[in-house]
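upload-v5.cif, holding mmCIF, C-alpha atoms:
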data_protein
loop_
_atom_site.label_atom_id
_atom_site.label_comp_id
_atom_site.auth_asym_id
_atom_site.auth_seq_id
_atom_site.Cartn_x
_atom_site.Cartn_y
_atom_site.Cartn_z
CA MET A 528 -33.77 26.99 -55.98
CA ARG A 529 -30.82 29.13 -55.06
CA ILE A 530 -33.03 32.20 -54.95
CA PHE A 531 -35.08 30.62 -52.13
CA ASP A 532 -32.02 29.40 -50.27
CA PHE A 533 -30.97 32.99 -50.06
CA PHE A 534 -33.90 33.89 -47.86
CA ARG A 535 -33.83 30.74 -45.73
CA SER A 536 -32.20 31.19 -42.37
CA PRO A 537 -28.96 29.28 -42.18
CA ARG A 538 -28.11 26.87 -39.37
CA ALA A 539 -31.70 25.98 -38.65
CA LYS A 540 -32.30 23.35 -35.99
CA SER A 541 -32.52 20.63 -38.59
CA SER A 542 -29.45 21.67 -40.59
CA PRO A 543 -27.09 18.83 -41.45
CA ALA A 544 -24.49 20.32 -39.10
CA ALA A 545 -26.96 20.48 -36.20
CA GLN A 546 -27.91 16.85 -36.80
CA ALA A 547 -24.24 15.88 -36.91
CA LYS A 548 -23.64 17.56 -33.58
CA GLU A 549 -26.62 15.92 -31.92
CA ARG A 550 -25.70 12.45 -33.20
CA LEU A 551 -22.09 12.87 -32.07
CA GLN A 552 -23.10 14.02 -28.61
CA ILE A 553 -25.32 10.98 -28.10
CA VAL A 554 -22.92 8.35 -29.40
CA MET A 555 -19.88 9.83 -27.68
CA ALA A 556 -21.56 10.16 -24.30
CA HIS A 557 -21.99 6.39 -24.36
CA GLU A 558 -18.52 5.66 -25.66
CA ARG A 559 -16.97 7.77 -22.91
CA VAL A 560 -18.89 5.93 -20.20
CA GLY A 561 -17.82 2.59 -21.64
CA ARG A 562 -14.22 3.76 -21.84
CA CYS A 563 -13.85 3.94 -18.05
CA GLY A 564 -13.80 0.20 -17.73
CA PRO A 565 -14.13 -2.99 -19.68
CA ASP A 566 -17.45 -3.62 -21.34
CA PHE A 567 -19.47 -5.00 -18.44
CA LEU A 568 -22.60 -6.01 -20.32
CA PRO A 569 -21.58 -9.55 -21.35
CA VAL A 570 -20.24 -10.28 -17.86
CA LEU A 571 -23.32 -8.83 -16.20
CA GLN A 572 -25.51 -11.00 -18.37
CA GLN A 573 -23.52 -14.15 -17.56
CA GLU A 574 -23.53 -13.46 -13.84
CA LEU A 575 -27.24 -12.66 -13.76
CA LEU A 576 -27.99 -15.89 -15.57
CA ALA A 577 -25.71 -17.82 -13.21
CA VAL A 578 -27.63 -16.49 -10.22
CA ILE A 579 -31.00 -17.34 -11.74
CA ALA A 580 -29.72 -20.78 -12.77
CA LYS A 581 -28.86 -21.50 -9.14
CA TYR A 582 -32.54 -21.49 -8.28
CA VAL A 583 -34.30 -22.58 -11.45
CA ASP A 584 -33.48 -24.51 -14.57
CA LEU A 585 -33.22 -22.18 -17.44
CA ASP A 586 -32.82 -22.53 -21.15
CA THR A 587 -30.13 -20.11 -22.31
CA ASN A 588 -31.78 -19.98 -25.71
CA ARG A 589 -34.77 -18.36 -24.06
CA VAL A 590 -32.93 -15.32 -22.82
CA GLU A 591 -33.36 -12.03 -24.60
CA VAL A 592 -31.11 -9.03 -23.97
CA LYS A 593 -32.02 -5.63 -25.36
CA LEU A 594 -30.16 -2.36 -24.99
CA ASP A 595 -31.75 0.95 -25.89
CA ARG A 596 -29.52 3.99 -25.84
CA GLY A 597 -31.25 7.34 -25.41
CA THR A 598 -30.20 10.88 -24.59
CA GLU A 599 -31.60 10.96 -21.05
CA CYS A 600 -31.12 7.38 -19.98
CA SER A 601 -30.34 3.96 -21.34
CA THR A 602 -32.39 0.86 -20.73
CA LEU A 603 -31.01 -2.63 -20.47
CA GLU A 604 -33.73 -5.20 -20.66
CA VAL A 605 -33.07 -8.83 -19.81
CA ASN A 606 -36.00 -11.14 -20.42
CA VAL A 607 -35.59 -14.64 -19.04
CA GLU A 608 -38.26 -17.17 -19.82
CA LEU A 609 -38.56 -19.56 -16.89
CA PRO A 610 -39.80 -23.14 -17.19
CA THR A 611 -43.08 -24.04 -15.49
CA PRO A 612 -42.59 -23.40 -11.79
CA PRO A 613 -44.24 -25.59 -9.10
CA ARG A 614 -47.07 -23.11 -8.68
CA SER A 615 -48.27 -19.75 -10.03
CA ASP A 616 -48.31 -19.01 -13.75
CA SER A 617 -46.14 -20.62 -16.35
CA LEU A 618 -44.15 -17.67 -17.51
CA ALA A 619 -42.26 -15.14 -15.47
CA THR A 620 -40.36 -12.25 -16.88
CA THR A 621 -37.55 -10.41 -15.24
CA THR A 622 -36.74 -6.93 -16.43
CA LEU A 623 -33.70 -5.10 -15.31
CA THR A 624 -33.23 -1.42 -15.94
CA LEU A 625 -29.94 0.42 -15.81
CA GLU A 626 -29.94 4.16 -16.03
CA SER A 627 -26.96 6.23 -16.90
CA ALA A 628 -26.72 9.95 -17.41
CA ALA A 629 -25.80 10.69 -20.97
CA SER A 630 -24.42 14.11 -20.32
CA GLN A 631 -21.26 13.01 -18.55
CA ALA A 632 -18.09 14.73 -19.67
CA MET B 1482 14.46 20.15 -21.79
CA ALA B 1483 13.16 18.95 -25.12
CA LYS B 1484 9.43 18.74 -25.60
CA ILE B 1485 7.86 15.72 -27.32
CA ILE B 1486 4.74 16.54 -29.32
CA VAL B 1487 2.53 13.96 -30.99
CA MET B 1488 0.47 14.85 -34.05
CA THR B 1489 -2.42 12.42 -33.89
CA SER B 1490 -6.05 11.95 -34.94
CA GLY B 1491 -7.20 8.34 -35.04
CA LYS B 1492 -8.73 8.84 -38.46
CA GLY B 1493 -6.59 8.87 -41.59
CA GLY B 1494 -6.46 11.61 -44.19
CA VAL B 1495 -7.29 14.49 -41.87
CA GLY B 1496 -3.92 16.23 -42.25
CA LYS B 1497 -1.57 14.78 -39.62
CA THR B 1498 1.49 14.67 -41.85
CA THR B 1499 0.74 18.07 -43.41
CA SER B 1500 0.38 19.50 -39.90
CA ALA B 1501 3.47 17.73 -38.52
CA ALA B 1502 5.56 19.12 -41.39
CA ALA B 1503 4.08 22.60 -40.94
CA PHE B 1504 4.57 22.69 -37.16
CA ALA B 1505 8.11 21.31 -37.26
CA THR B 1506 9.05 23.86 -39.91
CA GLY B 1507 7.31 26.62 -37.97
CA PHE B 1508 9.24 25.80 -34.78
CA ALA B 1509 12.54 25.81 -36.68
CA LEU B 1510 11.70 29.10 -38.41
CA ARG B 1511 11.33 30.60 -34.94
CA GLY B 1512 14.77 29.40 -33.95
CA HIS B 1513 13.93 26.18 -32.10
CA LYS B 1514 15.95 23.13 -33.07
CA THR B 1515 13.33 20.65 -34.23
CA VAL B 1516 13.17 17.08 -35.48
CA VAL B 1517 10.07 15.51 -37.01
CA ILE B 1518 9.76 11.72 -36.87
CA ASP B 1519 7.60 9.58 -39.15
CA PHE B 1520 6.00 6.78 -37.08
CA ASP B 1521 4.08 5.37 -40.05
CA ILE B 1522 6.29 2.34 -40.60
CA GLY B 1523 5.70 0.74 -44.01
CA LEU B 1524 3.73 3.72 -45.34
CA ARG B 1525 6.16 6.58 -45.03
CA ASN B 1526 5.04 9.88 -46.50
CA LEU B 1527 6.54 12.56 -44.33
CA ASP B 1528 9.65 12.47 -46.55
CA LEU B 1529 7.52 13.40 -49.58
CA ILE B 1530 5.71 16.21 -47.77
CA MET B 1531 9.05 17.56 -46.51
CA GLY B 1532 10.58 17.16 -49.97
CA CYS B 1533 13.50 14.98 -48.84
CA GLU B 1534 12.42 11.64 -50.33
CA ARG B 1535 15.53 11.36 -52.49
CA ARG B 1536 17.88 11.82 -49.55
CA VAL B 1537 16.63 8.92 -47.41
CA VAL B 1538 19.44 6.43 -46.76
CA PHE B 1539 18.77 5.05 -43.29
CA ASP B 1540 15.55 5.22 -41.32
CA PHE B 1541 13.99 5.10 -37.84
CA VAL B 1542 13.93 1.27 -37.77
CA ASN B 1543 17.60 1.05 -38.81
CA VAL B 1544 18.48 3.24 -35.83
CA ILE B 1545 16.35 1.19 -33.42
CA ASN B 1546 18.02 -2.01 -34.67
CA ASN B 1547 21.51 -0.46 -34.38
CA GLU B 1548 22.01 -0.82 -38.13
CA ALA B 1549 22.81 2.88 -38.41
CA LYS B 1550 23.78 5.76 -36.15
CA LEU B 1551 21.10 8.35 -35.42
CA HIS B 1552 23.06 11.16 -37.11
CA GLN B 1553 23.30 9.04 -40.27
CA ALA B 1554 19.53 8.66 -40.46
CA LEU B 1555 18.63 12.28 -39.71
CA ILE B 1556 18.06 14.39 -42.82
CA LYS B 1557 18.82 18.09 -42.40
CA ASP B 1558 16.35 20.35 -44.18
CA LYS B 1559 17.96 22.46 -46.91
CA ARG B 1560 15.58 25.42 -46.59
CA VAL B 1561 15.29 25.94 -42.84
CA ASP B 1562 18.12 25.89 -40.31
CA GLY B 1563 17.77 23.63 -37.29
CA LEU B 1564 15.16 21.36 -38.89
CA SER B 1565 15.70 17.61 -39.31
CA VAL B 1566 13.58 14.70 -40.49
CA LEU B 1567 13.77 11.11 -39.26
CA PRO B 1568 12.03 9.04 -41.95
CA ALA B 1569 10.07 5.83 -41.40
CA SER B 1570 11.09 2.52 -42.89
CA GLN B 1571 9.27 1.67 -46.09
CA THR B 1572 10.06 -2.06 -46.08
CA ARG B 1573 9.36 -3.25 -42.54
CA ASP B 1574 6.04 -3.32 -40.76
CA LYS B 1575 4.79 -1.61 -37.63
CA ASP B 1576 6.00 -4.47 -35.40
CA ALA B 1577 9.55 -3.28 -36.04
CA LEU B 1578 8.89 -0.53 -33.48
CA THR B 1579 9.45 -1.41 -29.83
CA LYS B 1580 8.83 0.74 -26.79
CA ASP B 1581 12.44 0.41 -25.65
CA GLY B 1582 13.76 1.15 -29.13
CA VAL B 1583 11.62 4.27 -29.51
CA GLU B 1584 12.60 5.46 -26.02
CA LYS B 1585 16.30 5.04 -26.80
CA VAL B 1586 16.02 7.14 -29.97
CA LEU B 1587 13.91 9.83 -28.26
CA ASP B 1588 16.38 10.07 -25.36
CA GLU B 1589 19.21 10.62 -27.81
CA LEU B 1590 17.22 13.25 -29.74
CA ARG B 1591 16.30 15.07 -26.51
CA ARG B 1592 19.94 16.07 -26.10
CA ASP B 1593 20.14 17.92 -29.43
CA PHE B 1594 16.65 19.26 -30.08
CA ASP B 1595 14.13 21.61 -28.46
CA PHE B 1596 11.09 20.04 -30.09
CA ILE B 1597 10.51 16.46 -31.19
CA VAL B 1598 7.40 16.18 -33.36
CA CYS B 1599 6.04 12.63 -33.69
CA ASP B 1600 3.89 12.17 -36.80
CA SER B 1601 1.49 9.38 -35.85
CA PRO B 1602 0.02 6.87 -38.29
CA ALA B 1603 -3.77 6.57 -38.48
CA GLY B 1604 -5.55 3.97 -36.37
CA ILE B 1605 -5.04 2.89 -32.79
CA GLU B 1606 -2.49 0.13 -33.32
CA ARG B 1607 1.12 -0.21 -32.28
CA GLY B 1608 2.58 2.62 -34.38
CA ALA B 1609 -0.06 5.11 -33.24
CA LEU B 1610 0.21 4.04 -29.59
CA LEU B 1611 3.99 4.33 -29.61
CA ALA B 1612 3.82 7.74 -31.29
CA LEU B 1613 1.70 9.07 -28.43
CA TYR B 1614 3.25 7.04 -25.58
CA PHE B 1615 6.14 9.39 -24.76
CA ALA B 1616 4.36 12.65 -25.60
CA ASP B 1617 4.36 15.73 -23.38
CA GLU B 1618 1.86 17.48 -25.61
CA ALA B 1619 -0.64 16.22 -28.16
CA ILE B 1620 -2.02 18.07 -31.15
CA ILE B 1621 -5.28 16.41 -32.13
CA VAL B 1622 -5.87 17.00 -35.83
CA THR B 1623 -9.60 16.95 -36.53
CA ASN B 1624 -11.82 17.69 -39.52
CA PRO B 1625 -15.28 19.18 -38.88
CA GLU B 1626 -16.92 15.89 -39.80
CA VAL B 1627 -18.57 13.17 -37.69
CA SER B 1628 -16.13 10.27 -38.11
CA SER B 1629 -13.09 12.45 -37.52
CA VAL B 1630 -14.56 14.00 -34.36
CA ARG B 1631 -15.50 10.60 -32.96
CA ASP B 1632 -12.05 9.14 -33.69
CA SER B 1633 -10.39 12.16 -32.08
CA ASP B 1634 -12.37 11.51 -28.94
CA ARG B 1635 -11.18 7.92 -28.98
CA ILE B 1636 -7.56 9.08 -29.26
CA LEU B 1637 -8.11 11.49 -26.36
CA GLY B 1638 -9.17 8.46 -24.34
CA MET B 1639 -5.94 6.68 -25.32
CA LEU B 1640 -3.85 9.69 -24.28
CA GLY B 1641 -5.57 9.72 -20.92
CA ALA B 1642 -5.10 6.01 -20.31
CA ARG B 1643 -2.25 4.56 -22.33
CA SER B 1644 0.42 7.26 -22.51
CA ARG B 1645 3.53 7.14 -20.34
CA ARG B 1646 2.30 10.15 -18.37
CA ALA B 1647 -0.98 8.36 -17.65
CA GLU B 1648 0.68 5.06 -16.74
CA GLN B 1649 3.16 6.70 -14.39
CA ASN B 1650 0.60 9.09 -12.86
CA LEU B 1651 2.52 12.14 -14.04
CA GLU B 1652 0.98 15.41 -15.11
CA PRO B 1653 -1.34 14.48 -18.02
CA VAL B 1654 -0.39 15.02 -21.66
CA ARG B 1655 -1.46 18.56 -22.64
CA GLU B 1656 -4.11 18.35 -25.35
CA ASN B 1657 -4.57 20.86 -28.19
CA LEU B 1658 -7.19 20.85 -30.94
CA LEU B 1659 -6.16 21.68 -34.49
CA LEU B 1660 -9.22 21.89 -36.72
CA THR B 1661 -8.25 21.43 -40.37
CA ARG B 1662 -10.07 21.58 -43.71
CA TYR B 1663 -12.50 24.10 -42.24
CA ASP B 1664 -14.81 25.60 -44.83
CA PRO B 1665 -16.42 28.80 -43.46
CA ALA B 1666 -18.83 29.04 -46.40
CA ARG B 1667 -20.25 25.57 -45.72
CA VAL B 1668 -20.37 26.33 -42.01
CA ALA B 1669 -22.42 29.46 -42.73
CA LYS B 1670 -24.85 27.38 -44.78
CA GLY B 1671 -25.30 24.92 -41.92
CA ASP B 1672 -23.66 22.08 -43.84
CA MET B 1673 -20.58 21.78 -41.65
CA LEU B 1674 -19.95 21.61 -37.90
CA THR B 1675 -18.73 24.94 -36.50
CA VAL B 1676 -15.52 25.38 -34.50
CA ASP B 1677 -17.71 25.86 -31.44
CA ASP B 1678 -19.62 22.64 -32.11
CA VAL B 1679 -16.37 20.64 -32.24
CA LEU B 1680 -14.98 22.41 -29.17
CA GLU B 1681 -18.15 21.71 -27.23
CA ILE B 1682 -18.03 18.02 -28.14
CA LEU B 1683 -14.32 17.37 -27.61
CA ALA B 1684 -13.85 19.85 -24.74
CA ILE B 1685 -10.14 20.52 -25.25
CA PRO B 1686 -8.41 23.89 -25.86
CA LEU B 1687 -8.27 25.19 -29.42
CA LEU B 1688 -4.85 25.69 -30.96
CA GLY B 1689 -5.73 26.59 -34.53
CA VAL B 1690 -8.20 26.46 -37.38
CA VAL B 1691 -6.77 25.75 -40.82
CA PRO B 1692 -9.15 26.55 -43.68
CA GLU B 1693 -9.70 24.16 -46.57
CA SER B 1694 -7.13 25.44 -49.01
CA GLN B 1695 -5.78 24.72 -52.44
CA ALA B 1696 -2.35 25.66 -51.16
CA VAL B 1697 -2.07 22.36 -49.24
CA LEU B 1698 -2.15 20.19 -52.37
CA ARG B 1699 0.10 22.60 -54.24
CA ALA B 1700 2.66 22.49 -51.43
CA SER B 1701 2.60 18.70 -51.15
CA ASN B 1702 3.06 18.39 -54.93
CA ILE B 1703 6.36 20.20 -54.71
CA GLY B 1704 7.49 18.77 -51.38
CA MET B 1705 7.28 22.00 -49.42
CA PRO B 1706 5.70 22.29 -45.97
CA VAL B 1707 2.65 24.53 -46.55
CA ILE B 1708 3.74 26.92 -43.79
CA LEU B 1709 6.52 28.08 -46.14
CA ASP B 1710 3.82 29.32 -48.54
CA SER B 1711 3.46 32.35 -46.31
CA LYS B 1712 1.02 34.10 -48.64
CA SER B 1713 -1.53 31.27 -48.54
CA ASN B 1714 -4.36 31.20 -46.00
CA ALA B 1715 -3.38 27.69 -44.83
CA GLY B 1716 0.26 28.76 -44.44
CA MET B 1717 -0.75 31.78 -42.37
CA ALA B 1718 -3.18 29.72 -40.27
CA TYR B 1719 -0.37 27.26 -39.45
CA ALA B 1720 2.01 30.11 -38.58
CA ASP B 1721 -0.65 31.50 -36.22
CA ALA B 1722 -1.13 28.08 -34.61
CA VAL B 1723 2.62 27.66 -34.08
CA ALA B 1724 2.76 31.09 -32.43
CA ARG B 1725 -0.12 30.13 -30.13
CA PHE B 1726 1.63 26.89 -29.25
CA LEU B 1727 4.66 28.94 -28.22
CA GLY B 1728 2.46 31.00 -25.91
CA GLU B 1729 1.61 34.03 -28.03
CA GLN B 1730 -1.86 35.55 -28.24
CA VAL B 1731 -2.88 35.51 -31.89
CA GLU B 1732 -6.31 36.36 -33.22
CA TYR B 1733 -8.14 33.79 -35.30
CA ARG B 1734 -8.37 34.39 -39.02
CA PHE B 1735 -10.02 32.62 -41.97
CA MET B 1736 -13.07 31.62 -39.96
CA GLN B 1737 -15.59 33.79 -41.80
CA PRO B 1738 -16.70 33.09 -45.37
CA GLU B 1739 -14.96 35.22 -47.93
CA ARG B 1740 -17.21 38.08 -48.92
CA ARG B 1741 -19.02 37.53 -52.17
CA GLY B 1742 -21.13 40.02 -54.03
CA PHE B 1743 -24.91 40.05 -53.72
CA MET B 1744 -25.45 38.72 -57.24
CA ASP B 1745 -22.89 35.93 -56.71
CA ARG B 1746 -24.66 34.76 -53.61
CA LEU B 1747 -28.10 35.03 -55.19
CA PHE B 1748 -27.12 32.84 -58.14
CA GLY B 1749 -24.80 30.52 -56.26
CA ARG B 1750 -21.75 31.33 -58.28
CA THR B 1751 -18.53 30.08 -56.78
CA ALA B 1752 -15.26 31.83 -57.18
#
File written out as structure tokens:
Amino acid sequence: MRIFDFFRSPRAKSSPAAQAKERLQIVMAHERVGRCGPDFLPVLQQELLAVIAKYVDLDTNRVEVKLDRGTECSTLEVNVELPTPPRSDSLATTTLTLESAASQA
Amino acid sequence: MAKIIVMTSGKGGVGKTTSAAAFATGFALRGHKTVVIDFDIGLRNLDLIMGCERRVVFDFVNVINNEAKLHQALIKDKRVDGLSVLPASQTRDKDALTKDGVEKVLDELRRDFDFIVCDSPAGIERGALLALYFADEAIIVTNPEVSSVRDSDRILGMLGARSRRAEQNLEPVRENLLLTRYDPARVAKGDMLTVDDVLEILAIPLLGVVPESQAVLRASNIGMPVILDSKSNAGMAYADAVARFLGEQVEYRFMQPERRGFMDRLFGRTA
């Protein structure tokens, strides 16, 4: 296949090197943000739950935390399943979104 | 005033010791009194790369523990004037290094040398942190490869937060990128990150690009810093980088693939 490689333009968008660069830029943008301070996610989660627990009984096994890291912004999703409240429906969901620019130096 | 330079990378096997030996030798060749210190306690290898492994009597840890005088542990290079090696201990572990002990040795070396090159171990543990702690300048040795680039960035974070200059709010450690094992042919094919890619990601000034070279293994086999192989591309690239470090303007070489004939390229023949 060498003969075809010869005519193919090098360093196309999808070249292994281009993919390496893109992956590094994404992962390192996040690592640099996290470097500025201690990892706040576990503490944030604990404190949020403490606040909610002040007002309602909650089962810590029914808490779901999801983090999705993207190029533009990251989403932190905390789903807390609440026990049957006095009125209204039986299940409430709280979603929290944190956005952070990925292109920080 | 002596300058303390740390050769660091985070990742292992990228060429820290090769580069520390080459830079120290390069400084001495240009008339600067230089000592190179092996901070890799328990896994010393700088002595082998410098070709002085059979002359090690006392080591860095002996000096820290007052078991030997500094001048007894320093090994003077037989090829280059004004070049000395301070070997690491092979029997102790990294906990043998203390901040006070390292500072005491560095202060004593400052009086006699212009450049003190600290060859850091891999990782981000005690030995690596102490190697960078007292640095005035850092040379970040990086391969054009994802794990090496990421680890270099991590080390840059350490320099900015956990060095003496950072802790005491002094002028920050000056950072220099040394890209090693660069293969221009693979870069041209799109298989390897380019110099510009790495510079864009790490965002620190470039000091040198050392091409992947058979001369490096040959030199280490015979215990000769590769910069002394002045006909090899790696040796010349290191000499250029040393000159740049000393403030000279030197053009970059060995960054384009070597020219191969049309038929060679068509049929993928390698030299």
- Message: What's the separation between CA of Val605 (chain A) and CA of Gln552 (chain A), in Å to one decimal place?
- Response: 26.4 Å
- Pick from A:Leu568, A:Val592, A:Val554, A:Ala577 nearest to chain B, counting only C-alpha atoms: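 For chain B, the nearest of the candidates is A:Val554.
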Please evaluate the PyMOL selection byres ((chain B) within 6 of (chain A)) against the displayed coordinates and give the resulting residues as an mmCIF file with C-alpha atoms, in the coordinates of the input.
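As a result, out_10.cif now contains:
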data_model
loop_
_atom_site.group_PDB
_atom_site.id
_atom_site.type_symbol
_atom_site.label_atom_id
_atom_site.label_comp_id
_atom_site.auth_asym_id
_atom_site.auth_seq_id
_atom_site.Cartn_x
_atom_site.Cartn_y
_atom_site.Cartn_z
ATOM 1 C CA LYS B 1670 -24.850 27.380 -44.780
ATOM 2 C CA GLY B 1671 -25.300 24.920 -41.920
ATOM 3 C CA ASP B 1672 -23.660 22.080 -43.840
ATOM 4 C CA MET B 1673 -20.580 21.780 -41.650
ATOM 5 C CA LEU B 1674 -19.950 21.610 -37.900
ATOM 6 C CA LEU B 1747 -28.100 35.030 -55.190
#
- Give as a list in words the residues that the PyMOL selection byres ((chain B and resi 1665) around 7) matches when applied to the coordinates above.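 Selected by the PyMOL selection byres ((chain B and resi 1665) around 7) in this file: Tyr1663, Asp1664, Ala1666, Arg1667, Val1668, Ala1669, Met1736, Gln1737 and Pro1738 of chain B.
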- Task: On this file, the PyMOL selection byres ((chain A and resi 589) around 9) gives some set of residues; write that set as a count of residues only.
- Result: 10
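Remark: for Gly1638 (chain B), the closest of the candidate residues B:Ser1701, B:Gly1523, B:Ile1530, B:Ser1490 is B:Ser1490 (distances computed over all atoms listed in the file).
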Would you pick out the contacts of Ala1616 (chain B) at 12 Å or less, using all atoms listed in the file, so that residues sharing its chain but fewer than 2 positions from it are not included, and give the list as a JSON list (two decimals) with C-alpha atoms, in the coordinates of the input?
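Result written to out_36.json:
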[["chain", "number", "residue", "atom", "x", "y", "z"],
["B", 1483, "ALA", "CA", 13.16, 18.95, -25.12],
["B", 1484, "LYS", "CA", 9.43, 18.74, -25.60],
["B", 1485, "ILE", "CA", 7.86, 15.72, -27.32],
["B", 1486, "ILE", "CA", 4.74, 16.54, -29.32],
["B", 1487, "VAL", "CA", 2.53, 13.96, -30.99],
["B", 1488, "MET", "CA", 0.47, 14.85, -34.05],
["B", 1489, "THR", "CA", -2.42, 12.42, -33.89],
["B", 1583, "VAL", "CA", 11.62, 4.27, -29.51],
["B", 1584, "GLU", "CA", 12.60, 5.46, -26.02],
["B", 1587, "LEU", "CA", 13.91, 9.83, -28.26],
["B", 1596, "PHE", "CA", 11.09, 20.04, -30.09],
["B", 1597, "ILE", "CA", 10.51, 16.46, -31.19],
["B", 1598, "VAL", "CA", 7.40, 16.18, -33.36],
["B", 1599, "CYS", "CA", 6.04, 12.63, -33.69],
["B", 1600, "ASP", "CA", 3.89, 12.17, -36.80],
["B", 1601, "SER", "CA", 1.49, 9.38, -35.85],
["B", 1609, "ALA", "CA", -0.06, 5.11, -33.24],
["B", 1610, "LEU", "CA", 0.21, 4.04, -29.59],
["B", 1611, "LEU", "CA", 3.99, 4.33, -29.61],
["B", 1612, "ALA", "CA", 3.82, 7.74, -31.29],
["B", 1613, "LEU", "CA", 1.70, 9.07, -28.43],
["B", 1614, "TYR", "CA", 3.25, 7.04, -25.58],
["B", 1618, "GLU", "CA", 1.86, 17.48, -25.61],
["B", 1619, "ALA", "CA", -0.64, 16.22, -28.16],
["B", 1620, "ILE", "CA", -2.02, 18.07, -31.15],
["B", 1639, "MET", "CA", -5.94, 6.68, -25.32],
["B", 1640, "LEU", "CA", -3.85, 9.69, -24.28],
["B", 1641, "GLY", "CA", -5.57, 9.72, -20.92],
["B", 1643, "ARG", "CA", -2.25, 4.56, -22.33],
["B", 1644, "SER", "CA", 0.42, 7.26, -22.51],
["B", 1645, "ARG", "CA", 3.53, 7.14, -20.34],
["B", 1646, "ARG", "CA", 2.30, 10.15, -18.37],
["B", 1647, "ALA", "CA", -0.98, 8.36, -17.65],
["B", 1651, "LEU", "CA", 2.52, 12.14, -14.04],
["B", 1652, "GLU", "CA", 0.98, 15.41, -15.11],
["B", 1653, "PRO", "CA", -1.34, 14.48, -18.02],
["B", 1654, "VAL", "CA", -0.39, 15.02, -21.66],
["B", 1655, "ARG", "CA", -1.46, 18.56, -22.64],
["B", 1656, "GLU", "CA", -4.11, 18.35, -25.35]]
- Atomic distance CA of Arg1536 (chain B) - CA of Ala1554 (chain B), expressed in Å with one decimal: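 So the two atoms, CA of Arg1536 (chain B) and CA of Ala1554 (chain B), lie 9.8 Å apart.
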- One-decimal distance in Å that lies between CA of Asn1702 (chain B) and CA of Gly1604 (chain B): 25.0 Å
Can you take the partial region 1571-1582 of chain B, add N, CA and C atoms, and return it as a PDB file, in the coordinates of the input?
ATOM      1  N   GLN B1571      10.300   1.962 -45.098  1.00  0.00           N
ATOM      2  CA  GLN B1571       9.270   1.670 -46.090  1.00  0.00           C
ATOM      3  C   GLN B1571       9.105   0.166 -46.273  1.00  0.00           C
ATOM      4  N   THR B1572      10.082  -0.617 -45.804  1.00  0.00           N
ATOM      5  CA  THR B1572      10.060  -2.060 -46.080  1.00  0.00           C
ATOM      6  C   THR B1572       9.593  -2.904 -44.901  1.00  0.00           C
ATOM      7  N   ARG B1573       9.778  -2.432 -43.690  1.00  0.00           N
ATOM      8  CA  ARG B1573       9.360  -3.250 -42.540  1.00  0.00           C
ATOM      9  C   ARG B1573       7.891  -2.988 -42.250  1.00  0.00           C
ATOM     10  N   ASP B1574       7.397  -3.643 -41.191  1.00  0.00           N
ATOM     11  CA  ASP B1574       6.040  -3.320 -40.760  1.00  0.00           C
ATOM     12  C   ASP B1574       6.061  -2.719 -39.357  1.00  0.00           C
ATOM     13  N   LYS B1575       4.864  -2.386 -38.871  1.00  0.00           N
ATOM     14  CA  LYS B1575       4.790  -1.610 -37.630  1.00  0.00           C
ATOM     15  C   LYS B1575       5.346  -2.364 -36.416  1.00  0.00           C
ATOM     16  N   ASP B1576       5.456  -3.701 -36.519  1.00  0.00           N
ATOM     17  CA  ASP B1576       6.000  -4.470 -35.400  1.00  0.00           C
ATOM     18  C   ASP B1576       7.486  -4.228 -35.204  1.00  0.00           C
ATOM     19  N   ALA B1577       8.119  -3.575 -36.177  1.00  0.00           N
ATOM     20  CA  ALA B1577       9.550  -3.280 -36.040  1.00  0.00           C
ATOM     21  C   ALA B1577       9.791  -2.252 -34.935  1.00  0.00           C
ATOM     22  N   LEU B1578       8.733  -1.513 -34.556  1.00  0.00           N
ATOM     23  CA  LEU B1578       8.890  -0.530 -33.480  1.00  0.00           C
ATOM     24  C   LEU B1578       8.708  -1.209 -32.125  1.00  0.00           C
ATOM     25  N   THR B1579       9.611  -0.914 -31.197  1.00  0.00           N
ATOM     26  CA  THR B1579       9.450  -1.410 -29.830  1.00  0.00           C
ATOM     27  C   THR B1579       9.474  -0.205 -28.896  1.00  0.00           C
ATOM     28  N   LYS B1580       8.867  -0.367 -27.733  1.00  0.00           N
ATOM     29  CA  LYS B1580       8.830   0.740 -26.790  1.00  0.00           C
ATOM     30  C   LYS B1580      10.248   1.133 -26.355  1.00  0.00           C
ATOM     31  N   ASP B1581      11.065   0.131 -26.069  1.00  0.00           N
ATOM     32  CA  ASP B1581      12.440   0.410 -25.650  1.00  0.00           C
ATOM     33  C   ASP B1581      13.231   1.092 -26.760  1.00  0.00           C
ATOM     34  N   GLY B1582      13.041   0.593 -27.985  1.00  0.00           N
ATOM     35  CA  GLY B1582      13.760   1.150 -29.130  1.00  0.00           C
ATOM     36  C   GLY B1582      13.396   2.613 -29.350  1.00  0.00           C
TER      37      GLY B1582
END
